[in-house]
Amino acid sequence: MSELRVEEEDAMDGGAWLLVLSSVFLCNLLKILLPSCSSIISRFLQKDAEQESQMRCEIQNMKQELSTISMMDEFARYARLERKINKNTDKLKTHGSLYHGYDCFDCMEQNIRITQACGSADRSSSVKTRTAQLAKIKWVINIVFYILQAALMISLIWKYYSKPVTVLQSKWLAPLERLVAFPTGVAGGVGITCWLVVCNKVVAIMLHPFS
């Protein structure tokens, strides 16, 4: 009965080595694609902030135009432009409330600087600000990725700490049988730490031409 139970457990964990290998392959593949993914996500997050900045510039320009119009002499034009300013201002408030969550990336600071740049010839500060914001977003994405990767590796080590990911004939592993089996101590077993090292090396060689 005990032998049958052992065979069932071995059958259930028969794909452990493949699970670890697949996890390592996926992590390394995502690491290669991470710069491209970060750029796409950064552009997506910055798109709405740039729209808000453009709306602020338009409102500022209309206010400047309004200040040059005489209310007494050109009342119709003055009223029409004032209504347009109020309409765009309400739209800006709605837009700002919808994307208020982007404040974590200091988008409001970017909007202020870009708005100031609209009325002056100094555009370099807005470009530098945008570059800094994109770099900050990419940094956050990288940190999140490495945290998730570390959590995955720790969970795999925890799961297979006391049992091997696969079992081979002891003579194949001599004289490094104990080292390969660490930390399980199972004769002929391949421990999770050794298998992670092997998987990382193999996957790195496979993906090297694409990195």
# chains A, B, ... in the order shown; residues from 1 in each chain; ligands from 1

$ residues_around --residues "segment 174-185 of chain A" --least-positions-apart "6" --cutoff "9 Å" --atoms "only C-alpha atoms" --output "list of chain:residue names"
A:Tyr160, A:Tyr161, A:Ser162, A:Lys163, A:Pro164, A:Gly191, A:Ile192, A:Thr193, A:Cys194, A:Trp195

$ write_last_selection --atoms "C-alpha atoms" --output "PDB file, in the first residue's frame"
ATOM      1  CA  TYR A 160      10.248  21.591  -3.562  1.00  0.00           C
ATOM      2  CA  TYR A 161      12.517  22.162  -0.577  1.00  0.00           C
ATOM      3  CA  SER A 162      12.011  18.701   0.911  1.00  0.00           C
ATOM      4  CA  LYS A 163      11.419  16.671  -2.260  1.00  0.00           C
ATOM      5  CA  PRO A 164      13.412  16.398  -5.486  1.00  0.00           C
ATOM      6  CA  GLY A 191      17.208  19.304  -5.616  1.00  0.00           C
ATOM      7  CA  ILE A 192      15.452  22.544  -6.478  1.00  0.00           C
ATOM      8  CA  THR A 193      18.545  24.705  -6.008  1.00  0.00           C
ATOM      9  CA  CYS A 194      20.675  22.657  -8.398  1.00  0.00           C
ATOM     10  CA  TRP A 195      17.845  22.461 -10.935  1.00  0.00           C
TER      11      TRP A 195
END

$ residues_around --residues "segment 154-156 of chain A" --least-positions-apart "3" --cutoff "10 Å" --atoms "only C-alpha atoms" --output "JSON, numbers by chain"
{"A": [16, 19, 20, 23, 148, 149, 150, 151, 159, 160, 161, 192, 193, 196]}

$ write_last_selection --atoms "N, CA, C and O atoms" --output "PDB file, in the first residue's frame"
ATOM      1  N   ALA A  16       7.435  18.177 -12.204  1.00  0.00           N
ATOM      2  CA  ALA A  16       8.027  19.249 -11.404  1.00  0.00           C
ATOM      3  C   ALA A  16       9.207  19.890 -12.128  1.00  0.00           C
ATOM      4  O   ALA A  16       9.341  21.119 -12.144  1.00  0.00           O
ATOM      5  N   LEU A  19       7.888  22.143 -14.803  1.00  0.00           N
ATOM      6  CA  LEU A  19       7.288  23.346 -14.235  1.00  0.00           C
ATOM      7  C   LEU A  19       8.354  24.382 -13.883  1.00  0.00           C
ATOM      8  O   LEU A  19       8.215  25.572 -14.208  1.00  0.00           O
ATOM      9  N   VAL A  20       9.420  23.934 -13.246  1.00  0.00           N
ATOM     10  CA  VAL A  20      10.510  24.843 -12.877  1.00  0.00           C
ATOM     11  C   VAL A  20      11.193  25.385 -14.124  1.00  0.00           C
ATOM     12  O   VAL A  20      11.483  26.584 -14.223  1.00  0.00           O
ATOM     13  N   SER A  23       9.007  27.968 -15.769  1.00  0.00           N
ATOM     14  CA  SER A  23       8.994  29.211 -14.996  1.00  0.00           C
ATOM     15  C   SER A  23      10.255  30.028 -15.239  1.00  0.00           C
ATOM     16  O   SER A  23      10.190  31.249 -15.439  1.00  0.00           O
ATOM     17  N   LEU A 148       8.010  40.234  -8.460  1.00  0.00           N
ATOM     18  CA  LEU A 148       7.198  39.075  -8.833  1.00  0.00           C
ATOM     19  C   LEU A 148       8.075  37.876  -9.171  1.00  0.00           C
ATOM     20  O   LEU A 148       7.750  36.731  -8.830  1.00  0.00           O
ATOM     21  N   GLN A 149       9.203  38.136  -9.839  1.00  0.00           N
ATOM     22  CA  GLN A 149      10.126  37.046 -10.168  1.00  0.00           C
ATOM     23  C   GLN A 149      10.696  36.418  -8.901  1.00  0.00           C
ATOM     24  O   GLN A 149      10.765  35.182  -8.788  1.00  0.00           O
ATOM     25  N   ALA A 150      11.085  37.262  -7.946  1.00  0.00           N
ATOM     26  CA  ALA A 150      11.623  36.747  -6.681  1.00  0.00           C
ATOM     27  C   ALA A 150      10.565  35.947  -5.928  1.00  0.00           C
ATOM     28  O   ALA A 150      10.865  34.886  -5.355  1.00  0.00           O
ATOM     29  N   ALA A 151       9.319  36.424  -5.937  1.00  0.00           N
ATOM     30  CA  ALA A 151       8.237  35.704  -5.263  1.00  0.00           C
ATOM     31  C   ALA A 151       8.017  34.340  -5.896  1.00  0.00           C
ATOM     32  O   ALA A 151       7.783  33.337  -5.193  1.00  0.00           O
ATOM     33  N   LYS A 159       8.157  25.035  -2.232  1.00  0.00           N
ATOM     34  CA  LYS A 159       7.355  23.863  -2.610  1.00  0.00           C
ATOM     35  C   LYS A 159       8.204  22.608  -2.730  1.00  0.00           C
ATOM     36  O   LYS A 159       7.780  21.521  -2.319  1.00  0.00           O
ATOM     37  N   TYR A 160       9.405  22.759  -3.306  1.00  0.00           N
ATOM     38  CA  TYR A 160      10.248  21.591  -3.562  1.00  0.00           C
ATOM     39  C   TYR A 160      11.478  21.555  -2.662  1.00  0.00           C
ATOM     40  O   TYR A 160      12.502  20.991  -3.026  1.00  0.00           O
ATOM     41  N   TYR A 161      11.368  22.143  -1.486  1.00  0.00           N
ATOM     42  CA  TYR A 161      12.517  22.162  -0.577  1.00  0.00           C
ATOM     43  C   TYR A 161      12.830  20.769  -0.028  1.00  0.00           C
ATOM     44  O   TYR A 161      14.002  20.399   0.108  1.00  0.00           O
ATOM     45  N   ILE A 192      15.961  21.350  -5.809  1.00  0.00           N
ATOM     46  CA  ILE A 192      15.452  22.544  -6.478  1.00  0.00           C
ATOM     47  C   ILE A 192      16.550  23.570  -6.738  1.00  0.00           C
ATOM     48  O   ILE A 192      16.556  24.228  -7.788  1.00  0.00           O
ATOM     49  N   THR A 193      17.490  23.706  -5.816  1.00  0.00           N
ATOM     50  CA  THR A 193      18.545  24.705  -6.008  1.00  0.00           C
ATOM     51  C   THR A 193      19.433  24.359  -7.197  1.00  0.00           C
ATOM     52  O   THR A 193      19.748  25.219  -8.027  1.00  0.00           O
ATOM     53  N   LEU A 196      17.441  24.825 -10.472  1.00  0.00           N
ATOM     54  CA  LEU A 196      17.296  26.238 -10.833  1.00  0.00           C
ATOM     55  C   LEU A 196      18.558  26.760 -11.504  1.00  0.00           C
ATOM     56  O   LEU A 196      18.497  27.514 -12.486  1.00  0.00           O
TER      57      LEU A 196
END

$ closest_residue --among "A:Val197, A:Leu92, A:Ile32, A:Ala135" --to "Pro209 of chain A" --atoms "only C-alpha atoms"
A:Ile32

$ closest_residue --among "A:Lys93, A:His208, A:Lys138, A:Asn28" --to "Ile40 of chain A" --atoms "only C-alpha atoms"
A:Lys138

$ closest_residue --among "A:Lys84, A:Lys63, A:Gln133, A:Val24" --to "Leu207 of chain A" --atoms "only C-alpha atoms"
A:Val24

$ atom_distance --atom1 "atom CA of Arg56 of chain A" --atom2 "atom CA of Val140 of chain A"
27.4 Å

$ atom_distance --atom1 "atom CA of Asp90 of chain A" --atom2 "atom CA of Asn61 of chain A"
16.2 Å

$ select_by_dssp --residues "segment 125-191 of chain A" --states "strand (DSSP E or B)" --output "list in words"
Thr166, Val167, Gly189 and Val190 of chain A

$ write_last_selection --atoms "N, CA and C atoms" --output "PDB file, in the first residue's frame"
ATOM      1  N   THR A 166      13.077  15.754  -9.631  1.00  0.00           N
ATOM      2  CA  THR A 166      13.105  14.505 -10.392  1.00  0.00           C
ATOM      3  C   THR A 166      14.146  13.585  -9.760  1.00  0.00           C
ATOM      4  N   VAL A 167      14.089  12.320 -10.082  1.00  0.00           N
ATOM      5  CA  VAL A 167      15.015  11.335  -9.508  1.00  0.00           C
ATOM      6  C   VAL A 167      15.718  10.599 -10.641  1.00  0.00           C
ATOM      7  N   GLY A 189      18.269  12.018  -6.203  1.00  0.00           N
ATOM      8  CA  GLY A 189      17.339  13.115  -6.446  1.00  0.00           C
ATOM      9  C   GLY A 189      18.048  14.380  -6.928  1.00  0.00           C
ATOM     10  N   VAL A 190      17.320  15.194  -7.665  1.00  0.00           N
ATOM     11  CA  VAL A 190      17.816  16.496  -8.117  1.00  0.00           C
ATOM     12  C   VAL A 190      17.081  17.572  -7.321  1.00  0.00           C
TER      13      VAL A 190
END

$ residues_around --residues "Ile141 of chain A" --least-positions-apart "5" --cutoff "9 Å" --atoms "only C-alpha atoms" --output "PyMOL selection string"
chain A and resi 34+38+41+136+146

$ write_last_selection --atoms "all heavy atoms" --output "PDB file, in the first residue's frame"
ATOM      1  N   LEU A  34      11.198  43.067 -21.450  1.00  0.00           N
ATOM      2  CA  LEU A  34      10.820  44.101 -20.482  1.00  0.00           C
ATOM      3  C   LEU A  34      11.028  45.527 -20.987  1.00  0.00           C
ATOM      4  O   LEU A  34      10.152  46.375 -20.794  1.00  0.00           O
ATOM      5  CB  LEU A  34      11.594  43.881 -19.177  1.00  0.00           C
ATOM      6  CG  LEU A  34      11.102  44.685 -17.963  1.00  0.00           C
ATOM      7  CD1 LEU A  34       9.644  44.343 -17.660  1.00  0.00           C
ATOM      8  CD2 LEU A  34      11.971  44.381 -16.752  1.00  0.00           C
ATOM      9  N   SER A  38       7.978  48.041 -21.191  1.00  0.00           N
ATOM     10  CA  SER A  38       8.011  49.255 -20.374  1.00  0.00           C
ATOM     11  C   SER A  38       7.747  50.486 -21.219  1.00  0.00           C
ATOM     12  O   SER A  38       7.027  51.404 -20.801  1.00  0.00           O
ATOM     13  CB  SER A  38       9.370  49.377 -19.672  1.00  0.00           C
ATOM     14  OG  SER A  38       9.594  48.289 -18.804  1.00  0.00           O
ATOM     15  N   ILE A  41       3.955  50.590 -22.100  1.00  0.00           N
ATOM     16  CA  ILE A  41       3.150  50.980 -20.943  1.00  0.00           C
ATOM     17  C   ILE A  41       3.380  52.446 -20.599  1.00  0.00           C
ATOM     18  O   ILE A  41       2.445  53.180 -20.254  1.00  0.00           O
ATOM     19  CB  ILE A  41       3.484  50.079 -19.739  1.00  0.00           C
ATOM     20  CG1 ILE A  41       3.076  48.635 -20.046  1.00  0.00           C
ATOM     21  CG2 ILE A  41       2.759  50.572 -18.487  1.00  0.00           C
ATOM     22  CD1 ILE A  41       3.472  47.642 -18.978  1.00  0.00           C
ATOM     23  N   LYS A 136      11.098  57.176 -14.747  1.00  0.00           N
ATOM     24  CA  LYS A 136      10.556  56.789 -13.447  1.00  0.00           C
ATOM     25  C   LYS A 136       9.535  55.669 -13.600  1.00  0.00           C
ATOM     26  O   LYS A 136       9.512  54.717 -12.809  1.00  0.00           O
ATOM     27  CB  LYS A 136       9.913  57.996 -12.772  1.00  0.00           C
ATOM     28  CG  LYS A 136       9.410  57.730 -11.357  1.00  0.00           C
ATOM     29  CD  LYS A 136       8.824  58.981 -10.731  1.00  0.00           C
ATOM     30  CE  LYS A 136       9.891  60.024 -10.490  1.00  0.00           C
ATOM     31  NZ  LYS A 136       9.342  61.198  -9.757  1.00  0.00           N
ATOM     32  N   TYR A 146      10.797  42.404 -10.962  1.00  0.00           N
ATOM     33  CA  TYR A 146      11.778  41.654 -10.174  1.00  0.00           C
ATOM     34  C   TYR A 146      11.190  41.170  -8.849  1.00  0.00           C
ATOM     35  O   TYR A 146      11.591  40.108  -8.343  1.00  0.00           O
ATOM     36  CB  TYR A 146      13.020  42.513  -9.942  1.00  0.00           C
ATOM     37  CG  TYR A 146      13.891  42.622 -11.175  1.00  0.00           C
ATOM     38  CD1 TYR A 146      14.045  43.832 -11.835  1.00  0.00           C
ATOM     39  CD2 TYR A 146      14.535  41.503 -11.696  1.00  0.00           C
ATOM     40  CE1 TYR A 146      14.831  43.934 -12.982  1.00  0.00           C
ATOM     41  CE2 TYR A 146      15.323  41.590 -12.833  1.00  0.00           C
ATOM     42  CZ  TYR A 146      15.469  42.807 -13.473  1.00  0.00           C
ATOM     43  OH  TYR A 146      16.237  42.903 -14.615  1.00  0.00           O
TER      44      TYR A 146
END
